[in-house]
$ cat structure_27.tsv   # TSV, C-alpha atoms
chain	number	residue	atom	x	y	z
A	24	MET	CA	210.90	47.65	90.40
A	25	ASP	CA	209.72	44.91	92.78
A	26	ARG	CA	206.35	43.35	92.07
A	27	PRO	CA	204.05	42.66	95.01
A	28	ARG	CA	203.86	39.06	96.07
A	29	ARG	CA	200.95	36.96	94.88
A	30	ASN	CA	197.72	36.14	96.72
A	31	SER	CA	197.70	39.14	99.01
A	32	ARG	CA	194.63	40.02	101.03
A	33	TYR	CA	194.08	43.70	101.53
A	34	PRO	CA	192.22	45.36	104.42
A	35	ARG	CA	188.94	47.10	103.55
A	36	ASP	CA	190.24	50.60	104.35
A	37	PHE	CA	193.28	50.02	102.10
A	38	LYS	CA	191.01	48.98	99.21
A	39	LEU	CA	188.84	52.05	99.73
A	40	ARG	CA	191.88	54.33	99.80
A	41	VAL	CA	193.22	52.96	96.49
A	42	VAL	CA	189.80	53.09	94.80
A	43	GLU	CA	189.26	56.67	96.00
A	44	ALA	CA	192.65	57.66	94.59
A	45	TYR	CA	191.67	56.12	91.24
A	46	LEU	CA	188.25	57.79	91.19
A	47	LEU	CA	189.81	61.17	92.06
A	48	GLY	CA	192.13	60.84	89.07
A	49	GLU	CA	195.40	60.55	90.97
A	50	GLY	CA	196.66	58.02	88.45
A	51	ASP	CA	195.70	55.13	86.24
A	52	CYS	CA	195.11	51.60	87.52
A	53	ARG	CA	198.59	50.35	86.76
A	54	ALA	CA	200.41	53.30	88.34
A	55	LEU	CA	198.30	53.11	91.51
A	56	ALA	CA	198.86	49.36	91.71
A	57	LEU	CA	202.63	49.84	91.62
A	58	GLU	CA	202.50	52.75	94.04
A	59	HIS	CA	200.38	50.95	96.65
A	60	GLY	CA	201.74	47.44	96.12
A	61	VAL	CA	198.56	45.93	94.70
A	62	ARG	CA	199.13	42.79	92.64
A	63	ASN	CA	197.69	44.22	89.41
A	64	GLY	CA	195.72	47.20	88.17
A	65	ALA	CA	192.71	45.12	87.15
A	66	GLN	CA	191.80	44.66	90.81
A	67	THR	CA	191.62	48.42	91.30
A	68	ARG	CA	189.67	48.89	88.07
A	69	ASP	CA	187.15	46.18	89.02
A	70	ARG	CA	186.67	47.55	92.53
A	71	ALA	CA	186.16	51.07	91.16
A	72	LYS	CA	183.58	49.77	88.69
A	73	ARG	CA	181.72	47.96	91.49
A	74	ARG	CA	181.91	51.09	93.63
A	75	ARG	CA	180.34	53.20	90.87
A	76	GLU	CA	177.60	50.64	90.22
A	77	GLU	CA	176.79	49.42	93.74
A	78	GLY	CA	177.70	52.28	96.08
A	79	ASP	CA	180.11	52.90	98.95
A	80	ASP	CA	180.15	49.37	100.44
A	81	ALA	CA	180.87	47.64	97.12
A	82	PRO	CA	184.52	46.62	97.78
A	83	ALA	CA	183.41	44.72	100.90
A	84	VAL	CA	180.42	43.07	99.19
A	85	HIS	CA	182.41	40.54	97.17
A	86	PRO	CA	183.66	37.85	99.59
A	87	PRO	CA	186.98	36.14	98.88
A	88	GLY	CA	187.11	32.59	97.60
A	89	ARG	CA	184.95	30.41	95.42
A	90	ARG	CA	181.25	31.05	95.14
A	91	ARG	CA	179.11	28.33	96.63
A	92	LYS	CA	176.50	26.50	94.65
A	93	GLU	CA	172.88	26.88	95.60
A	94	PRO	CA	171.77	24.06	97.89
A	95	ALA	CA	169.67	21.46	96.15
A	96	GLY	CA	166.02	21.41	97.08
A	97	GLU	CA	164.61	18.41	98.87
A	98	GLU	CA	163.22	15.69	96.68
A	99	THR	CA	159.47	15.26	97.12
A	100	LEU	CA	157.92	11.84	97.58
A	101	ASP	CA	156.23	11.96	94.17
A	102	ARG	CA	159.47	12.87	92.40
A	103	ARG	CA	161.37	10.15	94.22
A	104	CYS	CA	158.75	7.53	93.27
A	105	ALA	CA	158.85	8.67	89.64
A	106	ARG	CA	162.66	8.53	89.59
A	107	LEU	CA	162.76	5.07	91.15
A	108	GLU	CA	160.12	3.76	88.72
A	109	MET	CA	162.16	5.12	85.82
A	110	GLU	CA	165.33	3.48	87.16
A	111	ALA	CA	163.50	0.16	87.64
A	112	GLY	CA	162.17	0.35	84.08
A	113	ILE	CA	165.66	0.94	82.72
A	114	LEU	CA	167.04	-1.99	84.68
A	115	MET	CA	164.20	-4.28	83.51
A	116	ASN	CA	164.94	-3.30	79.92
A	117	LEU	CA	168.50	-4.42	80.45
A	118	ASN	CA	167.22	-7.94	81.26
A	119	LEU	CA	168.63	-8.04	84.74
A	120	ASN	CA	165.71	-10.20	85.95
A	121	LEU	CA	164.57	-7.78	88.63
A	122	PRO	CA	161.03	-8.15	89.99
A	123	GLN	CA	158.55	-5.53	88.80
A	124	ILE	CA	157.60	-2.77	91.16
A	125	ARG	CA	153.87	-2.21	91.44

$ encode --input "structure_27.tsv" --output "structure tokens"
Amino acid sequence: MDRPRRNSRYPRDFKLRVVEAYLLGEGDCRALALEHGVRNGAQTRDRAKRRREEGDDAPAVHPPGRRRKEPAGEETLDRRCARLEMEAGILMNLNLNLPQIR
């Protein structure tokens, strides 16, 4: 039997249809994956779990791709001064003959 090609993106209504079939007991994850051409059964199982936990819009909640890191907060003036004083102290301890910051 032919396996579906890798890295497929599925439309939202297709995902919902496969998850509904799984939740209605029309087959197990692997059988539904083969029947509908989904890459593997774990995708269907994970989407069904999210659907049970988070509600009807759960398959569309998880965006594709890598999750972005939280943006770093701005450095306050006091923190910057403290960091620069620490760096200057380290450099002075290394005998690099830098003038002292006062």

$ axis_aligned_box --input "structure_27.tsv" --around "stretch 52-63 of chain A" --padding-each-side "4 Å" --output "AutoDock Vina command-line options"
--center_x 198.9 --center_y 48.0 --center_z 91.7 --size_x 15.5 --size_y 18.5 --size_z 17.9

$ residues_around --input "structure_27.tsv" --residues "stretch 43-56 of chain A" --least-positions-apart "3" --cutoff "12 Å" --atoms "all atoms listed in the file" --output "VMD selection string"
chain A and resid 25 to 27 36 to 40 59 to 75 79 82

$ atom_distance --input "structure_27.tsv" --atom1 "atom CA of A:Lys92" --atom2 "atom CA of A:Met109"
27.2 Å

$ atom_distance --input "structure_27.tsv" --atom1 "atom CA of A:Tyr33" --atom2 "atom CA of A:Arg89"
17.2 Å

$ closest_residue --input "structure_27.tsv" --among "A:Glu110, A:Pro94, A:Gly88, A:Asp101" --to "A:Arg32" --atoms "all atoms listed in the file"
A:Gly88
